[in-house]
Amino acid sequence: MVTDDLDSVERRAWGAVVTLVMRVPSVLDSRLQREFGLTHFEYRVLALLQDSPGHRMRLSMLAARGHGSISRVSHVVSKLERVGFVRRVAVTTGRGVEAALTPSGLAKVVEATPDYLVAVRRLVLDGLDEAQKAELAVLAEKLSHHLIGMLGDSPVDKISG
């Protein structure tokens with residue numbers, strides 16, 4: 001039976017999730033903007049490109065892996081293109097466009113990553129012992145798979161009563 005209320009364990013779990021998903025990205029965003037002139041999402045796009053073969057990726061794949069809409073990714077890529085961190089490249093097979101990391105974009109993500117990792121550790125990982133980190137990984141992966149199963153790669157709300 002489904003009720004409108006969460007039980008005490010569900011309230012605790014949901015409260016903790018809300019705190020994490022609201023506060024951590026906000027702190028990372030502020031820190032990255034202050035120190036490197038990047039939003040968290042812009043950093044994520046640069047990091048995804050850095051980790052991809054040839055430092056390039058289709059915009060649709062960036063949207064899926066970056067958990068944003070194609071419109072949002074296209075807007076961010078345009079901004080990163082204006083500052084010289086990425087360039088758009090026509091794909092060699094089929095239709096579509098790839099974002100390619102430029103040397104200055106690579107330098108920017110390499111510069112920002114150590115500070116980013118320090119912040120991630122301080123904000124989340126340092127509060128856990130090794131067993132708890134492993135448990136968090138399992139739970140977060142399970143929730144991620146659940147969300148992808150429900151929503152696909154789309155950030156659009158597909159939840160129905």
# chains A, B, ... in the order shown; residues from 1 in each chain; ligands from 1
call {"tool": "closest_atom_pairs", "arguments": {"of": "stretch 93-144 of chain A", "to": "stretch 31-36 of chain A", "cutoff": "9 Å", "atoms": "only C-alpha atoms", "output": "CSV"}}
result
residue,atom,partner,partner_atom,distance
A:Lys108,CA,A:Phe36,CA,7.8
A:Glu111,CA,A:Phe36,CA,8.3
A:Ala112,CA,A:Phe36,CA,6.5
A:Asp115,CA,A:Leu32,CA,8.5
A:Tyr116,CA,A:Leu32,CA,7.4
A:Ala119,CA,A:Arg31,CA,8.5
call {"tool": "select_by_dssp", "arguments": {"residues": "stretch 19-157 of chain A", "states": "strand (DSSP E)", "output": "PyMOL selection string"}}
result
chain A and resi 56-58+86-90+97-101
call {"tool": "write_last_selection", "arguments": {"atoms": "N, CA and C atoms", "output": "mmCIF file, in the first residue's frame"}}
result
data_model
loop_
_atom_site.group_PDB
_atom_site.id
_atom_site.type_symbol
_atom_site.label_atom_id
_atom_site.label_comp_id
_atom_site.auth_asym_id
_atom_site.auth_seq_id
_atom_site.Cartn_x
_atom_site.Cartn_y
_atom_site.Cartn_z
ATOM 1 N N ARG A 56 37.209 14.391 -27.928
ATOM 2 C CA ARG A 56 36.024 14.868 -28.634
ATOM 3 C C ARG A 56 34.862 13.919 -28.416
ATOM 4 N N MET A 57 33.652 14.465 -28.537
ATOM 5 C CA MET A 57 32.457 13.664 -28.295
ATOM 6 C C MET A 57 31.260 14.342 -28.966
ATOM 7 N N ARG A 58 30.339 13.525 -29.464
ATOM 8 C CA ARG A 58 29.088 14.061 -30.017
ATOM 9 C C ARG A 58 28.332 14.813 -28.924
ATOM 10 N N VAL A 86 36.657 24.891 -26.442
ATOM 11 C CA VAL A 86 36.212 23.805 -27.324
ATOM 12 C C VAL A 86 35.958 24.376 -28.713
ATOM 13 N N ARG A 87 35.850 23.480 -29.676
ATOM 14 C CA ARG A 87 35.401 23.855 -31.013
ATOM 15 C C ARG A 87 34.436 22.791 -31.489
ATOM 16 N N ARG A 88 33.522 23.192 -32.335
ATOM 17 C CA ARG A 88 32.578 22.243 -32.928
ATOM 18 C C ARG A 88 33.196 21.674 -34.194
ATOM 19 N N VAL A 89 33.020 20.366 -34.363
ATOM 20 C CA VAL A 89 33.585 19.666 -35.511
ATOM 21 C C VAL A 89 32.490 18.777 -36.098
ATOM 22 N N ALA A 90 32.345 18.819 -37.417
ATOM 23 C CA ALA A 90 31.394 17.910 -38.066
ATOM 24 C C ALA A 90 31.914 16.487 -37.924
ATOM 25 N N VAL A 97 27.304 16.706 -34.818
ATOM 26 C CA VAL A 97 28.411 17.586 -34.474
ATOM 27 C C VAL A 97 29.075 17.048 -33.222
ATOM 28 N N GLU A 98 30.388 17.164 -33.203
ATOM 29 C CA GLU A 98 31.152 16.821 -32.004
ATOM 30 C C GLU A 98 31.721 18.093 -31.401
ATOM 31 N N ALA A 99 31.908 18.070 -30.102
ATOM 32 C CA ALA A 99 32.669 19.106 -29.421
ATOM 33 C C ALA A 99 34.068 18.546 -29.239
ATOM 34 N N ALA A 100 35.062 19.349 -29.581
ATOM 35 C CA ALA A 100 36.457 18.932 -29.449
ATOM 36 C C ALA A 100 37.167 19.886 -28.496
ATOM 37 N N LEU A 101 37.893 19.326 -27.560
ATOM 38 C CA LEU A 101 38.648 20.105 -26.589
ATOM 39 C C LEU A 101 39.839 20.755 -27.289
#
call {"tool": "closest_residue", "arguments": {"among": "A:Leu46, A:Phe41, A:Gly96, A:Val124", "to": "A:Leu59", "atoms": "only C-alpha atoms"}}
result
A:Gly96
call {"tool": "atom_distance", "arguments": {"atom1": "atom CA of A:Thr92", "atom2": "atom CA of A:Ser60"}}
result
15.4 Å
call {"tool": "closest_residue", "arguments": {"among": "A:Ile148, A:Phe85, A:Gly94, A:Gly105", "to": "A:Ala64", "atoms": "only C-alpha atoms"}}
result
A:Ile148
call {"tool": "atom_distance", "arguments": {"atom1": "atom CA of A:Val118", "atom2": "atom CA of A:Gly54"}}
result
26.7 Å
call {"tool": "closest_residue", "arguments": {"among": "A:Leu80, A:Leu28, A:Ala137, A:Ala47", "to": "A:Leu125", "atoms": "only C-alpha atoms"}}
result
A:Ala137
call {"tool": "residues_around", "arguments": {"residues": "A:Pro25", "least_positions_apart": "3", "cutoff": "10 Å", "atoms": "only C-alpha atoms", "output": "list of chain:residue names"}}
result
A:Leu20, A:Val21, A:Met22, A:Leu28, A:Asp29, A:Ser30, A:Arg31, A:Thr39, A:His40, A:Phe41, A:Val120
call {"tool": "write_last_selection", "arguments": {"atoms": "N, CA and C atoms", "output": "PDB file, in the first residue's frame"}}
result
ATOM      1  N   LEU A  20      22.524  16.543  -0.013  1.00  0.00           N
ATOM      2  CA  LEU A  20      23.642  16.288  -0.933  1.00  0.00           C
ATOM      3  C   LEU A  20      23.417  16.916  -2.301  1.00  0.00           C
ATOM      4  N   VAL A  21      22.248  16.681  -2.892  1.00  0.00           N
ATOM      5  CA  VAL A  21      22.036  17.157  -4.263  1.00  0.00           C
ATOM      6  C   VAL A  21      21.850  18.669  -4.341  1.00  0.00           C
ATOM      7  N   MET A  22      21.537  19.309  -3.241  1.00  0.00           N
ATOM      8  CA  MET A  22      21.398  20.762  -3.247  1.00  0.00           C
ATOM      9  C   MET A  22      22.702  21.463  -2.860  1.00  0.00           C
ATOM     10  N   LEU A  28      30.406  23.348  -5.223  1.00  0.00           N
ATOM     11  CA  LEU A  28      31.337  23.103  -6.332  1.00  0.00           C
ATOM     12  C   LEU A  28      31.203  24.180  -7.400  1.00  0.00           C
ATOM     13  N   ASP A  29      29.977  24.559  -7.711  1.00  0.00           N
ATOM     14  CA  ASP A  29      29.732  25.593  -8.711  1.00  0.00           C
ATOM     15  C   ASP A  29      30.376  26.912  -8.292  1.00  0.00           C
ATOM     16  N   SER A  30      30.142  27.332  -7.056  1.00  0.00           N
ATOM     17  CA  SER A  30      30.705  28.592  -6.559  1.00  0.00           C
ATOM     18  C   SER A  30      32.224  28.563  -6.576  1.00  0.00           C
ATOM     19  N   ARG A  31      32.785  27.465  -6.120  1.00  0.00           N
ATOM     20  CA  ARG A  31      34.245  27.336  -6.046  1.00  0.00           C
ATOM     21  C   ARG A  31      34.868  27.360  -7.443  1.00  0.00           C
ATOM     22  N   THR A  39      31.449  27.105 -14.549  1.00  0.00           N
ATOM     23  CA  THR A  39      30.394  26.513 -13.740  1.00  0.00           C
ATOM     24  C   THR A  39      30.726  25.028 -13.566  1.00  0.00           C
ATOM     25  N   HIS A  40      30.041  24.392 -12.651  1.00  0.00           N
ATOM     26  CA  HIS A  40      30.255  22.956 -12.449  1.00  0.00           C
ATOM     27  C   HIS A  40      29.908  22.189 -13.725  1.00  0.00           C
ATOM     28  N   PHE A  41      28.836  22.571 -14.397  1.00  0.00           N
ATOM     29  CA  PHE A  41      28.445  21.878 -15.626  1.00  0.00           C
ATOM     30  C   PHE A  41      29.490  22.095 -16.729  1.00  0.00           C
ATOM     31  N   VAL A 120      35.764  17.741  -3.751  1.00  0.00           N
ATOM     32  CA  VAL A 120      34.928  16.535  -3.703  1.00  0.00           C
ATOM     33  C   VAL A 120      35.296  15.686  -2.489  1.00  0.00           C
TER      34      VAL A 120
END
call {"tool": "closest_residue", "arguments": {"among": "A:Gly127, A:Glu135, A:Gly152, A:Ser104", "to": "A:Gly68", "atoms": "only C-alpha atoms"}}
result
A:Gly152
call {"tool": "select_by_dssp", "arguments": {"residues": "stretch 14-155 of chain A", "states": "helix (DSSP H, G or I)", "output": "PDB file with C-alpha atoms, in the first residue's frame"}}
result
ATOM      1  CA  TRP A  14      15.305  11.594   1.412  1.00  0.00           C
ATOM      2  CA  GLY A  15      16.446  14.459   3.650  1.00  0.00           C
ATOM      3  CA  ALA A  16      20.050  13.322   3.290  1.00  0.00           C
ATOM      4  CA  VAL A  17      19.725  13.006  -0.491  1.00  0.00           C
ATOM      5  CA  VAL A  18      18.216  16.497  -0.744  1.00  0.00           C
ATOM      6  CA  THR A  19      21.062  17.946   1.314  1.00  0.00           C
ATOM      7  CA  LEU A  20      23.642  16.288  -0.933  1.00  0.00           C
ATOM      8  CA  VAL A  21      22.036  17.157  -4.263  1.00  0.00           C
ATOM      9  CA  MET A  22      21.398  20.762  -3.247  1.00  0.00           C
ATOM     10  CA  ARG A  23      24.500  21.711  -1.303  1.00  0.00           C
ATOM     11  CA  VAL A  24      27.375  19.839  -2.949  1.00  0.00           C
ATOM     12  CA  PRO A  25      26.749  21.047  -6.524  1.00  0.00           C
ATOM     13  CA  SER A  26      26.162  24.587  -5.254  1.00  0.00           C
ATOM     14  CA  VAL A  27      29.484  24.653  -3.393  1.00  0.00           C
ATOM     15  CA  LEU A  28      31.337  23.103  -6.332  1.00  0.00           C
ATOM     16  CA  ASP A  29      29.732  25.593  -8.711  1.00  0.00           C
ATOM     17  CA  SER A  30      30.705  28.592  -6.559  1.00  0.00           C
ATOM     18  CA  ARG A  31      34.245  27.336  -6.046  1.00  0.00           C
ATOM     19  CA  LEU A  32      34.840  26.547  -9.731  1.00  0.00           C
ATOM     20  CA  GLN A  33      33.416  29.917 -10.798  1.00  0.00           C
ATOM     21  CA  ARG A  34      35.502  31.825  -8.281  1.00  0.00           C
ATOM     22  CA  GLU A  35      38.776  30.009  -8.930  1.00  0.00           C
ATOM     23  CA  PHE A  36      38.556  29.047 -12.615  1.00  0.00           C
ATOM     24  CA  HIS A  40      30.255  22.956 -12.449  1.00  0.00           C
ATOM     25  CA  PHE A  41      28.445  21.878 -15.626  1.00  0.00           C
ATOM     26  CA  GLU A  42      31.082  23.567 -17.826  1.00  0.00           C
ATOM     27  CA  TYR A  43      33.824  21.803 -15.875  1.00  0.00           C
ATOM     28  CA  ARG A  44      31.968  18.514 -16.312  1.00  0.00           C
ATOM     29  CA  VAL A  45      31.772  19.012 -20.092  1.00  0.00           C
ATOM     30  CA  LEU A  46      35.514  19.772 -20.255  1.00  0.00           C
ATOM     31  CA  ALA A  47      36.322  16.753 -18.057  1.00  0.00           C
ATOM     32  CA  LEU A  48      34.163  14.447 -20.193  1.00  0.00           C
ATOM     33  CA  LEU A  49      35.944  15.682 -23.320  1.00  0.00           C
ATOM     34  CA  GLN A  50      39.333  15.225 -21.658  1.00  0.00           C
ATOM     35  CA  ASP A  51      38.488  11.605 -20.881  1.00  0.00           C
ATOM     36  CA  PRO A  53      39.080   9.368 -27.267  1.00  0.00           C
ATOM     37  CA  GLY A  54      40.658  12.209 -29.217  1.00  0.00           C
ATOM     38  CA  HIS A  55      39.258  14.664 -26.636  1.00  0.00           C
ATOM     39  CA  LEU A  59      26.881  16.651 -28.365  1.00  0.00           C
ATOM     40  CA  SER A  60      24.174  14.030 -27.853  1.00  0.00           C
ATOM     41  CA  MET A  61      26.637  11.825 -25.950  1.00  0.00           C
ATOM     42  CA  LEU A  62      27.842  14.805 -23.892  1.00  0.00           C
ATOM     43  CA  ALA A  63      24.217  15.463 -22.962  1.00  0.00           C
ATOM     44  CA  ALA A  64      23.675  11.843 -21.927  1.00  0.00           C
ATOM     45  CA  ARG A  65      26.909  11.526 -19.961  1.00  0.00           C
ATOM     46  CA  GLY A  66      26.674  15.007 -18.493  1.00  0.00           C
ATOM     47  CA  ILE A  70      21.025  18.652 -25.680  1.00  0.00           C
ATOM     48  CA  SER A  71      19.866  22.276 -25.568  1.00  0.00           C
ATOM     49  CA  ARG A  72      21.808  22.919 -22.353  1.00  0.00           C
ATOM     50  CA  VAL A  73      24.915  21.164 -23.675  1.00  0.00           C
ATOM     51  CA  SER A  74      24.707  23.090 -26.947  1.00  0.00           C
ATOM     52  CA  HIS A  75      24.455  26.362 -25.004  1.00  0.00           C
ATOM     53  CA  VAL A  76      27.429  25.445 -22.782  1.00  0.00           C
ATOM     54  CA  VAL A  77      29.501  24.294 -25.763  1.00  0.00           C
ATOM     55  CA  SER A  78      28.757  27.637 -27.469  1.00  0.00           C
ATOM     56  CA  LYS A  79      30.008  29.494 -24.398  1.00  0.00           C
ATOM     57  CA  LEU A  80      33.105  27.286 -24.128  1.00  0.00           C
ATOM     58  CA  GLU A  81      33.671  27.798 -27.856  1.00  0.00           C
ATOM     59  CA  ARG A  82      33.547  31.601 -27.452  1.00  0.00           C
ATOM     60  CA  PRO A 103      44.686  22.989 -26.110  1.00  0.00           C
ATOM     61  CA  SER A 104      43.510  25.898 -23.926  1.00  0.00           C
ATOM     62  CA  GLY A 105      40.449  23.889 -22.858  1.00  0.00           C
ATOM     63  CA  LEU A 106      42.679  20.971 -21.946  1.00  0.00           C
ATOM     64  CA  ALA A 107      44.935  23.314 -19.977  1.00  0.00           C
ATOM     65  CA  LYS A 108      41.904  24.749 -18.138  1.00  0.00           C
ATOM     66  CA  VAL A 109      40.505  21.353 -17.118  1.00  0.00           C
ATOM     67  CA  VAL A 110      43.971  20.142 -16.080  1.00  0.00           C
ATOM     68  CA  GLU A 111      44.373  23.313 -13.991  1.00  0.00           C
ATOM     69  CA  ALA A 112      40.946  22.988 -12.328  1.00  0.00           C
ATOM     70  CA  THR A 113      40.918  19.241 -11.650  1.00  0.00           C
ATOM     71  CA  PRO A 114      43.207  19.086  -8.585  1.00  0.00           C
ATOM     72  CA  ASP A 115      41.157  21.751  -6.786  1.00  0.00           C
ATOM     73  CA  TYR A 116      37.926  20.056  -7.874  1.00  0.00           C
ATOM     74  CA  LEU A 117      39.077  16.707  -6.484  1.00  0.00           C
ATOM     75  CA  VAL A 118      40.148  18.305  -3.197  1.00  0.00           C
ATOM     76  CA  ALA A 119      36.674  19.836  -2.885  1.00  0.00           C
ATOM     77  CA  VAL A 120      34.928  16.535  -3.703  1.00  0.00           C
ATOM     78  CA  ARG A 121      37.016  14.746  -1.101  1.00  0.00           C
ATOM     79  CA  ARG A 122      36.451  17.379   1.579  1.00  0.00           C
ATOM     80  CA  LEU A 123      32.737  17.749   0.928  1.00  0.00           C
ATOM     81  CA  LEU A 125      34.484  11.405   0.699  1.00  0.00           C
ATOM     82  CA  ASP A 126      36.504  12.511   3.749  1.00  0.00           C
ATOM     83  CA  GLY A 127      33.381  12.060   5.874  1.00  0.00           C
ATOM     84  CA  GLU A 130      36.669   2.976   3.205  1.00  0.00           C
ATOM     85  CA  ALA A 131      33.751   0.604   3.835  1.00  0.00           C
ATOM     86  CA  GLN A 132      31.280   3.498   3.772  1.00  0.00           C
ATOM     87  CA  LYS A 133      32.778   4.803   0.506  1.00  0.00           C
ATOM     88  CA  ALA A 134      32.253   1.366  -1.034  1.00  0.00           C
ATOM     89  CA  GLU A 135      28.694   1.302   0.324  1.00  0.00           C
ATOM     90  CA  LEU A 136      28.024   4.796  -1.037  1.00  0.00           C
ATOM     91  CA  ALA A 137      29.324   3.701  -4.451  1.00  0.00           C
ATOM     92  CA  VAL A 138      26.971   0.709  -4.485  1.00  0.00           C
ATOM     93  CA  LEU A 139      23.961   2.769  -3.376  1.00  0.00           C
ATOM     94  CA  ALA A 140      24.677   5.671  -5.738  1.00  0.00           C
ATOM     95  CA  GLU A 141      25.171   3.300  -8.683  1.00  0.00           C
ATOM     96  CA  LYS A 142      21.935   1.508  -7.807  1.00  0.00           C
ATOM     97  CA  LEU A 143      20.031   4.802  -7.683  1.00  0.00           C
ATOM     98  CA  SER A 144      21.659   5.975 -10.933  1.00  0.00           C
ATOM     99  CA  HIS A 145      20.636   2.770 -12.709  1.00  0.00           C
ATOM    100  CA  HIS A 146      17.126   3.116 -11.269  1.00  0.00           C
ATOM    101  CA  LEU A 147      16.854   6.693 -12.570  1.00  0.00           C
ATOM    102  CA  ILE A 148      18.174   5.749 -16.002  1.00  0.00           C
ATOM    103  CA  GLY A 149      15.694   2.880 -16.090  1.00  0.00           C
ATOM    104  CA  MET A 150      12.846   5.262 -15.269  1.00  0.00           C
ATOM    105  CA  LEU A 151      13.924   8.316 -17.208  1.00  0.00           C
TER     106      LEU A 151
END
call {"tool": "atom_distance", "arguments": {"atom1": "atom CA of A:Gly84", "atom2": "atom CA of A:Ser69"}}
result
22.2 Å
